[in-house]
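Source file: coords_0.cif; contents: mmCIF, C-alpha atoms and all ligand atoms.
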data_upload
#
loop_
_atom_site.label_atom_id
_atom_site.label_comp_id
_atom_site.auth_asym_id
_atom_site.auth_seq_id
_atom_site.Cartn_x
_atom_site.Cartn_y
_atom_site.Cartn_z
CA MET V 1 -10.20 -20.74 -0.03
CA ARG V 2 -9.71 -23.96 -1.95
CA PRO V 3 -12.38 -26.64 -1.91
CA THR V 4 -11.70 -29.11 0.85
CA THR V 5 -11.80 -32.27 -1.21
CA GLY V 6 -9.59 -35.20 -0.30
CA ARG V 7 -7.88 -35.78 2.97
CA ASN V 8 -5.99 -33.35 5.10
CA PHE V 9 -2.38 -34.51 5.30
CA LEU V 10 -1.58 -34.41 9.00
CA PHE V 11 2.17 -34.45 9.50
CA VAL V 12 2.66 -32.56 12.73
CA PRO V 13 4.45 -34.70 15.32
CA GLY V 14 1.28 -35.04 17.39
CA PRO V 15 -1.61 -35.28 17.25
CA THR V 16 -0.93 -38.06 14.77
CA ASN V 17 -3.27 -39.88 12.39
CA VAL V 18 -5.88 -41.90 14.24
CA PRO V 19 -6.37 -45.24 12.43
CA ASP V 20 -9.93 -45.91 11.22
CA ARG V 21 -10.10 -48.94 13.49
CA VAL V 22 -9.33 -46.82 16.53
CA GLN V 23 -11.76 -44.12 15.46
CA ARG V 24 -14.55 -46.67 15.10
CA ALA V 25 -13.73 -48.21 18.47
CA MET V 26 -14.26 -44.82 20.11
CA LEU V 27 -17.75 -44.38 18.69
CA VAL V 28 -19.56 -45.83 21.68
CA ALA V 29 -22.58 -44.98 23.77
CA MET V 30 -21.72 -43.73 27.23
CA GLU V 31 -21.98 -46.24 30.03
CA ASP V 32 -21.74 -46.38 33.78
CA HIS V 33 -18.10 -46.23 34.81
CA ARG V 34 -19.08 -47.76 38.15
CA SER V 35 -20.74 -50.83 36.61
CA SER V 36 -19.51 -54.33 37.33
CA LYS V 37 -18.38 -54.62 33.69
CA PHE V 38 -16.18 -51.51 33.55
CA PRO V 39 -13.13 -53.02 35.33
CA ASP V 40 -12.66 -55.49 32.44
CA LEU V 41 -11.76 -52.60 30.18
CA SER V 42 -9.77 -50.49 32.63
CA SER V 43 -7.76 -53.37 34.05
CA SER V 44 -6.90 -54.69 30.60
CA VAL V 45 -5.60 -51.37 29.28
CA LEU V 46 -3.64 -50.62 32.47
CA GLU V 47 -2.02 -54.05 32.34
CA ASP V 48 -1.26 -53.92 28.61
CA LEU V 49 0.21 -50.41 28.78
CA LYS V 50 2.99 -51.92 30.91
CA LYS V 51 4.04 -54.05 27.92
CA VAL V 52 4.38 -50.91 25.82
CA PHE V 53 6.66 -49.37 28.46
CA LYS V 54 8.49 -52.73 28.60
CA THR V 55 7.96 -53.08 32.31
CA GLN V 56 6.73 -55.77 34.62
CA ALA V 57 7.72 -54.11 37.86
CA ALA V 58 6.22 -50.64 37.38
CA GLN V 59 2.58 -49.56 37.68
CA ALA V 60 0.78 -47.79 34.83
CA PHE V 61 -1.57 -44.84 35.33
CA ILE V 62 -4.04 -43.08 33.06
CA PHE V 63 -5.26 -39.55 33.75
CA PRO V 64 -7.87 -37.65 31.79
CA ALA V 65 -5.23 -35.05 30.84
CA SER V 66 -2.40 -34.70 28.34
CA GLY V 67 1.32 -35.31 28.52
CA THR V 68 1.72 -32.08 30.48
CA GLY V 69 -0.59 -33.40 33.22
CA ALA V 70 1.48 -36.57 33.45
CA TRP V 71 4.64 -34.40 33.81
CA GLU V 72 3.00 -32.73 36.80
CA ALA V 73 1.87 -36.03 38.30
CA ALA V 74 5.41 -37.41 38.05
CA LEU V 75 6.98 -34.41 39.80
CA THR V 76 4.45 -33.68 42.53
CA ASN V 77 4.00 -37.27 43.66
CA THR V 78 7.67 -37.95 44.29
CA LEU V 79 9.34 -34.64 45.21
CA SER V 80 9.07 -32.03 47.96
CA PRO V 81 9.38 -28.26 47.49
CA GLY V 82 13.04 -27.22 47.44
CA ASP V 83 14.23 -30.64 46.27
CA ARG V 84 17.20 -30.38 43.95
CA ILE V 85 16.78 -31.83 40.48
CA VAL V 86 18.97 -31.75 37.38
CA ALA V 87 17.47 -31.20 33.93
CA SER V 88 18.96 -30.46 30.53
CA ARG V 89 17.33 -28.05 28.08
CA PHE V 90 17.71 -28.40 24.32
CA GLY V 91 14.27 -27.67 22.88
CA GLN V 92 10.80 -26.40 23.68
CA PHE V 93 9.59 -29.55 25.45
CA SER V 94 12.61 -30.01 27.70
CA HIS V 95 12.26 -26.27 28.39
CA LEU V 96 8.59 -26.50 29.35
CA TRP V 97 9.15 -29.36 31.77
CA ILE V 98 11.91 -27.34 33.47
CA ASP V 99 9.61 -24.32 33.59
CA MET V 100 6.95 -26.44 35.29
CA ALA V 101 9.47 -27.81 37.81
CA GLN V 102 10.56 -24.26 38.67
CA ARG V 103 6.96 -23.08 39.07
CA LEU V 104 6.35 -26.02 41.39
CA ASP V 105 9.22 -24.74 43.59
CA PHE V 106 11.84 -27.36 42.96
CA ASP V 107 15.47 -26.29 42.90
CA VAL V 108 16.34 -27.00 39.27
CA GLU V 109 19.93 -27.13 38.07
CA VAL V 110 19.45 -26.39 34.37
CA LEU V 111 22.04 -27.67 31.91
CA ASP V 112 21.67 -25.63 28.74
CA VAL V 113 22.68 -27.56 25.67
CA GLU V 114 22.78 -26.40 22.07
CA TRP V 115 19.43 -27.08 20.36
CA GLY V 116 20.09 -30.03 18.05
CA GLU V 117 21.89 -32.06 20.71
CA GLY V 118 20.48 -34.10 23.57
CA VAL V 119 21.07 -35.14 27.18
CA PRO V 120 24.74 -34.33 28.01
CA LEU V 121 25.91 -37.51 29.73
CA GLU V 122 29.39 -36.24 30.65
CA ARG V 123 28.09 -33.14 32.42
CA ILE V 124 25.55 -35.19 34.37
CA ASP V 125 28.28 -37.67 35.24
CA GLU V 126 30.37 -34.84 36.75
CA LEU V 127 27.45 -33.44 38.73
CA LEU V 128 26.48 -36.79 40.15
CA ARG V 129 30.02 -37.73 41.15
CA ALA V 130 30.45 -34.38 42.88
CA ASP V 131 27.18 -34.81 44.79
CA LYS V 132 28.56 -36.97 47.60
CA ALA V 133 25.76 -35.96 49.97
CA HIS V 134 23.11 -37.08 47.48
CA ARG V 135 21.28 -33.76 47.51
CA ILE V 136 20.11 -34.34 43.93
CA LYS V 137 16.75 -36.09 44.17
CA GLY V 138 15.90 -36.46 40.50
CA ILE V 139 17.24 -36.33 36.96
CA LEU V 140 14.80 -35.19 34.24
CA ALA V 141 15.42 -36.32 30.69
CA CYS V 142 13.43 -35.78 27.52
CA HIS V 143 13.87 -39.03 25.56
CA ASN V 144 12.76 -37.53 22.26
CA GLU V 145 12.84 -33.73 21.95
CA THR V 146 10.00 -33.16 19.51
CA ALA V 147 10.94 -29.53 18.83
CA THR V 148 14.33 -30.39 17.31
CA GLY V 149 14.05 -34.06 16.31
CA VAL V 150 16.65 -35.28 18.79
CA THR V 151 16.63 -38.63 20.61
CA SER V 152 18.74 -39.06 23.75
CA ASP V 153 20.41 -42.14 25.15
CA ILE V 154 18.39 -43.06 28.24
CA GLY V 155 20.23 -46.37 28.71
CA GLY V 156 23.46 -44.36 28.69
CA LEU V 157 22.04 -41.98 31.30
CA ARG V 158 21.17 -44.92 33.56
CA GLY V 159 24.74 -46.16 33.05
CA VAL V 160 26.09 -42.78 34.24
CA MET V 161 23.82 -42.83 37.31
CA ASP V 162 24.92 -46.38 38.15
CA ALA V 163 28.60 -45.57 37.68
CA ALA V 164 28.25 -42.69 40.15
CA ASP V 165 26.24 -45.00 42.41
CA HIS V 166 23.68 -42.22 42.74
CA PRO V 167 20.18 -42.87 44.11
CA ALA V 168 18.34 -39.99 42.35
CA LEU V 169 15.06 -40.85 40.65
CA LEU V 170 15.17 -41.05 36.86
CA PHE V 171 12.28 -39.10 35.26
CA VAL V 172 11.86 -39.58 31.52
CA ASP V 173 9.57 -37.75 29.10
CA ALA V 174 8.59 -40.46 26.62
CA VAL V 175 5.67 -38.53 25.10
CA SER V 176 6.93 -38.66 21.52
CA SER V 177 8.93 -41.88 21.78
CA LEU V 178 6.63 -44.41 23.44
CA ALA V 179 5.35 -47.04 21.00
CA SER V 180 7.55 -45.61 18.20
CA ILE V 181 11.16 -45.66 19.44
CA ASP V 182 12.47 -48.43 21.69
CA PHE V 183 11.76 -47.58 25.32
CA ARG V 184 12.80 -49.98 28.08
CA MET V 185 11.47 -48.99 31.46
CA ASP V 186 12.80 -52.01 33.36
CA ASP V 187 16.15 -52.43 31.56
CA TRP V 188 16.96 -48.75 32.09
CA ARG V 189 15.34 -48.72 35.54
CA VAL V 190 13.38 -45.59 34.68
CA ASP V 191 11.46 -44.43 37.76
CA LEU V 192 8.83 -42.21 36.17
CA ALA V 193 8.02 -42.47 32.47
CA VAL V 194 5.61 -39.87 31.15
CA SER V 195 3.53 -40.10 27.98
CA GLY V 196 0.34 -39.01 26.28
CA SER V 197 -2.23 -40.52 23.97
CA GLN V 198 -1.84 -38.45 20.79
CA LYS V 199 1.57 -39.50 19.49
CA GLY V 200 2.77 -43.10 19.09
CA LEU V 201 -0.39 -44.44 20.71
CA MET V 202 -2.37 -43.10 17.71
CA LEU V 203 -5.26 -41.64 19.72
CA PRO V 204 -6.64 -38.12 20.08
CA ALA V 205 -5.14 -36.01 22.86
CA GLY V 206 -6.90 -36.53 26.17
CA LEU V 207 -4.97 -39.07 28.21
CA GLY V 208 -1.91 -38.38 30.34
CA ILE V 209 -0.12 -41.69 30.75
CA LEU V 210 2.45 -42.59 33.35
CA ALA V 211 4.47 -45.62 34.42
CA VAL V 212 5.93 -45.51 37.92
CA SER V 213 8.60 -47.80 39.41
CA GLN V 214 8.25 -49.42 42.82
CA LYS V 215 11.12 -47.23 44.06
CA ALA V 216 9.22 -44.09 42.99
CA LEU V 217 6.02 -45.39 44.62
CA GLU V 218 7.91 -45.80 47.90
CA THR V 219 9.40 -42.29 47.60
CA MET V 220 5.84 -41.00 47.21
CA ARG V 221 5.08 -41.47 50.91
CA GLY V 222 7.65 -38.89 51.96
CA ALA V 223 6.99 -36.41 49.12
CA THR V 224 5.27 -33.30 50.46
CA SER V 225 4.41 -31.42 47.25
CA ARG V 226 0.77 -30.35 47.21
CA ARG V 227 -1.27 -32.55 44.90
CA CYS V 228 -4.91 -33.36 44.54
CA TYR V 229 -6.25 -34.20 41.08
CA PHE V 230 -2.98 -35.91 40.20
CA ASP V 231 -2.50 -37.73 43.51
CA LEU V 232 -1.33 -41.25 42.66
CA ALA V 233 -2.52 -42.53 46.04
CA ASP V 234 -6.15 -41.86 45.06
CA MET V 235 -5.56 -43.50 41.69
CA ILE V 236 -3.92 -46.57 43.25
CA ALA V 237 -6.82 -47.02 45.67
CA ALA V 238 -9.47 -46.79 42.92
CA ASN V 239 -7.53 -48.69 40.24
CA ALA V 240 -7.06 -51.66 42.61
CA SER V 241 -10.63 -52.72 41.85
CA GLY V 242 -10.60 -51.44 38.24
CA TYR V 243 -12.18 -48.02 38.86
CA PHE V 244 -11.08 -44.39 38.72
CA PRO V 245 -11.34 -41.72 41.44
CA TYR V 246 -13.35 -39.59 38.99
CA THR V 247 -15.08 -39.98 35.64
CA PRO V 248 -12.69 -41.53 33.12
CA ALA V 249 -12.63 -40.58 29.43
CA LEU V 250 -14.59 -43.65 28.36
CA PRO V 251 -14.34 -43.49 24.54
CA MET V 252 -10.62 -42.84 24.86
CA LEU V 253 -10.24 -46.03 26.89
CA TYR V 254 -12.04 -48.02 24.17
CA GLY V 255 -9.78 -46.35 21.62
CA LEU V 256 -6.73 -47.21 23.70
CA ARG V 257 -7.87 -50.86 23.88
CA GLU V 258 -8.02 -50.96 20.07
CA ALA V 259 -4.71 -49.12 19.65
CA LEU V 260 -2.99 -51.57 22.02
CA ASP V 261 -4.42 -54.48 20.01
CA MET V 262 -3.00 -52.96 16.82
CA ILE V 263 0.38 -52.43 18.51
CA PHE V 264 0.58 -56.05 19.65
CA GLU V 265 -0.59 -57.33 16.25
CA GLU V 266 2.26 -55.49 14.51
CA GLY V 267 4.71 -56.20 17.35
CA LEU V 268 6.68 -53.54 19.21
CA ASP V 269 9.98 -54.42 17.60
CA ASN V 270 8.43 -54.30 14.11
CA ILE V 271 6.96 -50.90 15.00
CA PHE V 272 10.39 -49.58 15.99
CA ALA V 273 11.91 -51.02 12.79
CA ARG V 274 9.16 -49.42 10.68
CA HIS V 275 9.66 -46.03 12.32
CA HIS V 276 13.41 -46.22 11.73
CA TYR V 277 12.93 -47.21 8.10
CA LEU V 278 10.36 -44.47 7.44
CA ALA V 279 12.57 -41.91 9.20
CA GLU V 280 15.59 -42.91 7.10
CA GLY V 281 13.57 -42.25 3.95
CA VAL V 282 12.54 -38.80 5.20
CA ARG V 283 16.14 -38.01 6.14
CA ALA V 284 17.26 -39.09 2.65
CA ALA V 285 14.70 -36.66 1.17
CA VAL V 286 15.92 -33.80 3.37
CA THR V 287 19.68 -34.21 3.23
CA GLU V 288 20.34 -35.99 -0.07
CA GLY V 289 17.34 -34.78 -2.07
CA TRP V 290 16.91 -31.20 -0.94
CA GLY V 291 20.46 -30.76 0.36
CA LEU V 292 19.16 -29.18 3.56
CA PRO V 293 20.52 -29.85 7.05
CA LEU V 294 18.54 -31.38 9.90
CA CYS V 295 18.40 -29.54 13.21
CA ALA V 296 19.82 -32.66 14.91
CA LYS V 297 23.58 -32.13 14.89
CA ALA V 298 24.80 -35.69 14.39
CA PRO V 299 23.37 -39.07 13.33
CA HIS V 300 23.38 -40.44 16.88
CA TRP V 301 20.86 -37.72 17.79
CA TYR V 302 18.53 -38.39 14.82
CA SER V 303 14.95 -39.00 15.87
CA ASP V 304 12.91 -41.74 14.25
CA THR V 305 9.65 -39.91 14.99
CA VAL V 306 10.23 -36.33 13.83
CA SER V 307 12.64 -34.52 11.52
CA ALA V 308 13.29 -30.78 11.87
CA VAL V 309 14.38 -29.34 8.52
CA MET V 310 16.63 -26.25 8.67
CA LEU V 311 15.94 -23.64 6.00
CA PRO V 312 18.51 -21.38 4.32
CA GLU V 313 19.07 -17.87 5.76
CA GLY V 314 16.50 -15.44 4.46
CA THR V 315 13.66 -17.96 4.17
CA ASN V 316 11.00 -18.36 6.80
CA GLY V 317 9.73 -21.76 7.96
CA ALA V 318 6.42 -20.16 8.95
CA HIS V 319 5.81 -19.24 5.30
CA VAL V 320 6.50 -22.79 4.15
CA ILE V 321 4.05 -24.12 6.75
CA ASP V 322 1.41 -21.54 5.85
CA VAL V 323 1.56 -22.27 2.11
CA ALA V 324 1.64 -26.04 2.72
CA PHE V 325 -1.55 -25.75 4.74
CA ARG V 326 -3.53 -23.25 2.70
CA ARG V 327 -2.56 -24.44 -0.73
CA TYR V 328 -1.90 -28.15 -0.34
CA ASN V 329 -3.93 -29.11 2.75
CA LEU V 330 -0.75 -30.37 4.42
CA ALA V 331 -0.02 -29.73 8.11
CA LEU V 332 3.68 -29.48 8.98
CA GLY V 333 5.14 -28.75 12.42
CA ALA V 334 6.36 -25.23 13.20
CA GLY V 335 9.67 -24.11 14.66
CA LEU V 336 9.08 -23.33 18.35
CA SER V 337 10.57 -20.45 20.40
CA LYS V 338 14.34 -20.29 19.76
CA VAL V 339 14.05 -21.98 16.35
CA ALA V 340 10.81 -20.23 15.26
CA GLY V 341 10.95 -19.47 11.53
CA LYS V 342 14.26 -21.27 11.09
CA LEU V 343 12.82 -24.71 10.44
CA PHE V 344 9.75 -26.79 9.79
CA ARG V 345 9.10 -30.27 11.11
CA ILE V 346 7.77 -33.43 9.52
CA GLY V 347 6.24 -35.81 12.04
CA HIS V 348 6.73 -39.44 11.06
CA LEU V 349 5.19 -41.39 13.89
CA GLY V 350 2.14 -43.49 14.43
CA ASP V 351 -0.08 -44.97 11.76
CA LEU V 352 2.02 -44.27 8.66
CA ASN V 353 3.48 -45.83 5.55
CA GLU V 354 5.79 -44.82 2.73
CA LEU V 355 3.23 -43.32 0.38
CA MET V 356 1.57 -41.24 3.07
CA LEU V 357 5.01 -39.79 3.79
CA MET V 358 5.55 -39.25 0.06
CA GLY V 359 2.59 -36.87 0.23
CA ALA V 360 4.24 -34.92 3.01
CA ILE V 361 7.61 -34.82 1.25
CA ALA V 362 6.06 -33.76 -2.07
CA GLY V 363 3.88 -31.12 -0.37
CA ALA V 364 6.75 -29.69 1.68
CA GLU V 365 8.82 -29.52 -1.49
CA MET V 366 6.09 -27.69 -3.41
CA ALA V 367 5.55 -25.24 -0.54
CA MET V 368 9.29 -24.58 -0.29
CA LEU V 369 9.48 -23.88 -4.03
CA ASP V 370 6.46 -21.57 -3.74
CA VAL V 371 8.18 -19.41 -1.13
CA GLY V 372 11.52 -19.37 -2.94
CA VAL V 373 13.58 -22.08 -1.25
CA GLU V 374 15.88 -23.42 -3.93
CA VAL V 375 15.30 -27.15 -3.95
CA ALA V 376 15.19 -29.22 -7.14
CA PRO V 377 11.61 -30.23 -7.98
CA GLY V 378 11.14 -33.94 -7.30
CA SER V 379 14.47 -34.29 -5.51
CA GLY V 380 13.04 -35.15 -2.09
CA VAL V 381 10.61 -37.71 -3.46
CA ALA V 382 13.36 -39.29 -5.59
CA ALA V 383 15.74 -39.67 -2.67
CA ALA V 384 13.05 -41.17 -0.42
CA SER V 385 11.94 -43.49 -3.22
CA ASN V 386 15.50 -44.70 -3.74
CA PHE V 387 15.89 -45.39 -0.06
CA TRP V 388 12.59 -47.17 0.47
CA ARG V 389 12.84 -49.27 -2.69
CA ALA V 390 16.29 -50.48 -1.70
CA ASN V 391 15.42 -51.34 1.89
CA ASP V 392 12.97 -53.56 3.66
CA PRO V 393 11.55 -52.36 6.98
CA VAL V 394 11.42 -55.83 8.45
CA PRO V 395 13.49 -58.36 6.49
CA LYS V 396 11.16 -60.99 5.03
CA ARG V 397 11.44 -64.61 6.09
CA LYS V 398 13.43 -66.80 3.73
CA VAL V 399 11.10 -69.08 1.78
CA SER V 400 12.21 -72.24 -0.02
CA LYS V 401 11.38 -72.83 -3.72
CA GLU V 402 9.15 -75.73 -2.74
CA GLN V 403 7.22 -73.64 -0.25
CA GLN V 404 6.83 -70.77 -2.76
CA PHE V 405 5.28 -73.20 -5.26
CA TYR V 406 3.02 -74.61 -2.59
CA GLU V 407 1.86 -71.17 -1.45
CA ALA V 408 1.29 -69.97 -5.04
CA HIS V 409 -0.95 -72.95 -5.77
CA SER V 410 -2.67 -73.20 -2.44
CA THR V 411 -6.45 -72.82 -2.57
CA GLY V 412 -6.46 -71.70 1.00
CA SER V 413 -8.09 -74.94 2.13
CA VAL V 414 -4.83 -76.56 3.18
CA GLN V 415 -3.07 -75.17 6.25
CA GLY V 416 0.66 -74.97 5.68
C1 LIG T 501 3.75 -33.43 22.85
C2 LIG T 501 4.82 -33.45 23.88
C3 LIG T 501 4.60 -33.04 25.21
C4 LIG T 501 3.35 -32.35 25.66
O1 LIG T 501 2.28 -33.12 25.68
P1 LIG T 501 0.80 -32.52 25.69
O2 LIG T 501 0.07 -33.77 25.46
O3 LIG T 501 0.69 -31.52 24.60
O4 LIG T 501 0.56 -31.95 27.04
C5 LIG T 501 5.62 -33.20 26.13
N1 LIG T 501 6.80 -33.66 25.77
C6 LIG T 501 7.08 -34.02 24.51
C7 LIG T 501 8.44 -34.53 24.17
C8 LIG T 501 6.10 -33.92 23.54
O5 LIG T 501 6.38 -34.27 22.28
#
Is it possible to give me this structure as structure tokens?
Amino acid sequence: MRPTTGRNFLFVPGPTNVPDRVQRAMLVAMEDHRSSKFPDLSSSVLEDLKKVFKTQAAQAFIFPASGTGAWEAALTNTLSPGDRIVASRFGQFSHLWIDMAQRLDFDVEVLDVEWGEGVPLERIDELLRADKAHRIKGILACHNETATGVTSDIGGLRGVMDAADHPALLFVDAVSSLASIDFRMDDWRVDLAVSGSQKGLMLPAGLGILAVSQKALETMRGATSRRCYFDLADMIAANASGYFPYTPALPMLYGLREALDMIFEEGLDNIFARHHYLAEGVRAAVTEGWGLPLCAKAPHWYSDTVSAVMLPEGTNGAHVIDVAFRRYNLALGAGLSKVAGKLFRIGHLGDLNELMLMGAIAGAEMAMLDVGVEVAPGSGVAAASNFWRANDPVPKRKVSKEQQFYEAHSTGSVQG
């Protein structure tokens, strides 16, 4: 075993790097979650989460759980056993949500799609138009399939539902897109948006996060699925005065407060631009530098939060990941189920910059060379460097000559 000096390079697509600021904010003494002070914290994070979902109309919920718990909350609060839902499957996460829906006794029409593509709008369009009796109660969509690095067009899906004039609820898994890729709950009239704390929100795992439209909250009254821990009615009653129906994960809520502050300081649109810019550099390393294909089949599917790198026949992604971890202290994401061994994944979401990603690119390249993948040494780093040096994540403001002189000579005592 090598000495564990230096940092571990964490480049799985969740959990992501927790910023020092957030880590410090979580180092708190426990306190009474029924005190008169507690609602200040809980109400502020619940209110501010809505901004991250880009919603005014919906209500946000926080469960001590993970994304999977929020999946279950979304389904059981709004559907009844036997309800027909439509879901497409193109990766391990879309698969697992379908599996859950089947185990909860919903009647799931599964649309199998090639892994590397996303939500098939035309097929859903056909199904909805044919469903004159409105038997379909919900459409499930995985916004960003983390297993393959594919982002789907949720606005386009809403367009298809509107064109068919279909009243089904729109359920969206935004676990690996929220706070990293543009997500617009109100514009797209998403009914249930599911997320978790350990991806774009830059926290440890431990919170299942949900935003629920008014339409979905009304549907809740007639939904007969059994639910207890995840019953939104209990949460709504307790949250109304800033409390929870059970003990909340207190340090996580302080961490969330800090993470939300960081998100608003950077600005959501700047965050999306940064993720796109960082992702473009990684894609340059993979396709131009190494000459390897991405799992995502076409540019319109490319994910700005995770890239799945396909390896040549005869090489095993698990070996690359194993060497990267043992030899270079770098954690890469594995290929899951159908794509096990065929690829490895680089997560590029959350608290990241160019040089951190350079470490991941360099380490993945070294590990690939070690296990016999024929990539040119330095080629990935060179391609990413070329891309990042030539592009600005957020174009700088234009500054006049006069202002430049003034700023260069300012002592800091004069406000400009
Ligand atoms: C990580 C992830 C999940 C699962 O979340 P957990 O927090 O592990 O329960 C669900 N969907 C997607 C797209 C994910 O990336």
Contacts to ligand LIG 501 (chain T) at 10 Å cut-off (all atoms listed in the file) as JSON, numbers by chain: {"V": [13, 14, 15, 65, 66, 67, 68, 69, 70, 71, 91, 92, 93, 94, 95, 96, 97, 141, 142, 143, 144, 145, 146, 147, 148, 149, 150, 151, 172, 173, 174, 175, 176, 177, 194, 195, 196, 197, 198, 199, 204, 205, 206, 207, 208, 209, 305, 306]}
So that I have them on file, write out the residues from the current selection with C-alpha atoms, as an mmCIF file, keeping the file's coordinate frame.
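So part_1.cif came out as:
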data_model
loop_
_atom_site.group_PDB
_atom_site.id
_atom_site.type_symbol
_atom_site.label_atom_id
_atom_site.label_comp_id
_atom_site.auth_asym_id
_atom_site.auth_seq_id
_atom_site.Cartn_x
_atom_site.Cartn_y
_atom_site.Cartn_z
ATOM 1 C CA PRO V 13 4.450 -34.700 15.320
ATOM 2 C CA GLY V 14 1.280 -35.040 17.390
ATOM 3 C CA PRO V 15 -1.610 -35.280 17.250
ATOM 4 C CA ALA V 65 -5.230 -35.050 30.840
ATOM 5 C CA SER V 66 -2.400 -34.700 28.340
ATOM 6 C CA GLY V 67 1.320 -35.310 28.520
ATOM 7 C CA THR V 68 1.720 -32.080 30.480
ATOM 8 C CA GLY V 69 -0.590 -33.400 33.220
ATOM 9 C CA ALA V 70 1.480 -36.570 33.450
ATOM 10 C CA TRP V 71 4.640 -34.400 33.810
ATOM 11 C CA GLY V 91 14.270 -27.670 22.880
ATOM 12 C CA GLN V 92 10.800 -26.400 23.680
ATOM 13 C CA PHE V 93 9.590 -29.550 25.450
ATOM 14 C CA SER V 94 12.610 -30.010 27.700
ATOM 15 C CA HIS V 95 12.260 -26.270 28.390
ATOM 16 C CA LEU V 96 8.590 -26.500 29.350
ATOM 17 C CA TRP V 97 9.150 -29.360 31.770
ATOM 18 C CA ALA V 141 15.420 -36.320 30.690
ATOM 19 C CA CYS V 142 13.430 -35.780 27.520
ATOM 20 C CA HIS V 143 13.870 -39.030 25.560
ATOM 21 C CA ASN V 144 12.760 -37.530 22.260
ATOM 22 C CA GLU V 145 12.840 -33.730 21.950
ATOM 23 C CA THR V 146 10.000 -33.160 19.510
ATOM 24 C CA ALA V 147 10.940 -29.530 18.830
ATOM 25 C CA THR V 148 14.330 -30.390 17.310
ATOM 26 C CA GLY V 149 14.050 -34.060 16.310
ATOM 27 C CA VAL V 150 16.650 -35.280 18.790
ATOM 28 C CA THR V 151 16.630 -38.630 20.610
ATOM 29 C CA VAL V 172 11.860 -39.580 31.520
ATOM 30 C CA ASP V 173 9.570 -37.750 29.100
ATOM 31 C CA ALA V 174 8.590 -40.460 26.620
ATOM 32 C CA VAL V 175 5.670 -38.530 25.100
ATOM 33 C CA SER V 176 6.930 -38.660 21.520
ATOM 34 C CA SER V 177 8.930 -41.880 21.780
ATOM 35 C CA VAL V 194 5.610 -39.870 31.150
ATOM 36 C CA SER V 195 3.530 -40.100 27.980
ATOM 37 C CA GLY V 196 0.340 -39.010 26.280
ATOM 38 C CA SER V 197 -2.230 -40.520 23.970
ATOM 39 C CA GLN V 198 -1.840 -38.450 20.790
ATOM 40 C CA LYS V 199 1.570 -39.500 19.490
ATOM 41 C CA PRO V 204 -6.640 -38.120 20.080
ATOM 42 C CA ALA V 205 -5.140 -36.010 22.860
ATOM 43 C CA GLY V 206 -6.900 -36.530 26.170
ATOM 44 C CA LEU V 207 -4.970 -39.070 28.210
ATOM 45 C CA GLY V 208 -1.910 -38.380 30.340
ATOM 46 C CA ILE V 209 -0.120 -41.690 30.750
ATOM 47 C CA THR V 305 9.650 -39.910 14.990
ATOM 48 C CA VAL V 306 10.230 -36.330 13.830
#
Closest atom pairs, residues of range 198-268 of chain V within 8 Å of range 22-44 of chain V, all atoms listed in the file, as CSV:
residue,atom,partner,partner_atom,distance
V:Met202,CA,V:Val22,CA,8.0
V:Leu203,CA,V:Val22,CA,7.3
V:Asn239,CA,V:Ser43,CA,7.8
V:Ser241,CA,V:Pro39,CA,7.0
V:Gly242,CA,V:Pro39,CA,4.2
V:Tyr243,CA,V:Pro39,CA,6.2
V:Thr247,CA,V:His33,CA,7.0
V:Pro248,CA,V:His33,CA,7.4
V:Leu250,CA,V:Met30,CA,7.2
V:Pro251,CA,V:Met26,CA,4.6
V:Met252,CA,V:Met26,CA,6.3
V:Leu253,CA,V:Ser42,CA,7.3
V:Tyr254,CA,V:Met26,CA,5.6
V:Gly255,CA,V:Met26,CA,5.0
V:Leu256,CA,V:Val22,CA,7.6
V:Arg257,CA,V:Leu41,CA,7.6
V:Glu258,CA,V:Val22,CA,5.6
V:Ala259,CA,V:Val22,CA,6.0
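Take the candidates V:Gly372, V:Pro393, V:Gly267, V:Pro293 and check each one against Asn316 in chain V using only C-alpha atoms; the shortest distance goes to V:Gly372.
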Length of the CA of Asp269 in chain V to CA of Gln59 in chain V vector [Å]: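 About the pair CA of Asp269 in chain V and CA of Gln59 in chain V: they are 21.9 Å apart.
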Interatomic distance, CA of Leu104 in chain V to CA of Glu72 in chain V (Å, one decimal): 8.8 Å
Computed interatomic separation between CA of Gly281 in chain V and CA of Trp388 in chain V (Å): 6.1 Å
Which residue of V:Val309, V:Trp115, V:Thr55, V:Ile139 approaches Trp188 in chain V most closely, using all atoms listed in the file: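 Nearest to Trp188 in chain V: V:Thr55.
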Render range 315-326 of chain V from the structure in the preceding block as a file of C-alpha atoms, as a compact mmCIF listing (two decimals), in the first residue's frame.
# COMPACT_ATOMS: atom_id res chain seq x y z
CA THR V 315 -9.69 -3.67 -22.07
CA ASN V 316 -11.59 -3.58 -18.83
CA GLY V 317 -12.84 -0.35 -17.24
CA ALA V 318 -12.74 -2.03 -13.82
CA HIS V 319 -8.96 -2.44 -14.17
CA VAL V 320 -8.51 1.23 -15.05
CA ILE V 321 -10.56 2.23 -12.00
CA ASP V 322 -8.69 -0.17 -9.73
CA VAL V 323 -5.24 1.06 -10.80
CA ALA V 324 -6.35 4.71 -10.65
CA PHE V 325 -7.44 4.20 -7.05
CA ARG V 326 -4.65 2.02 -5.71
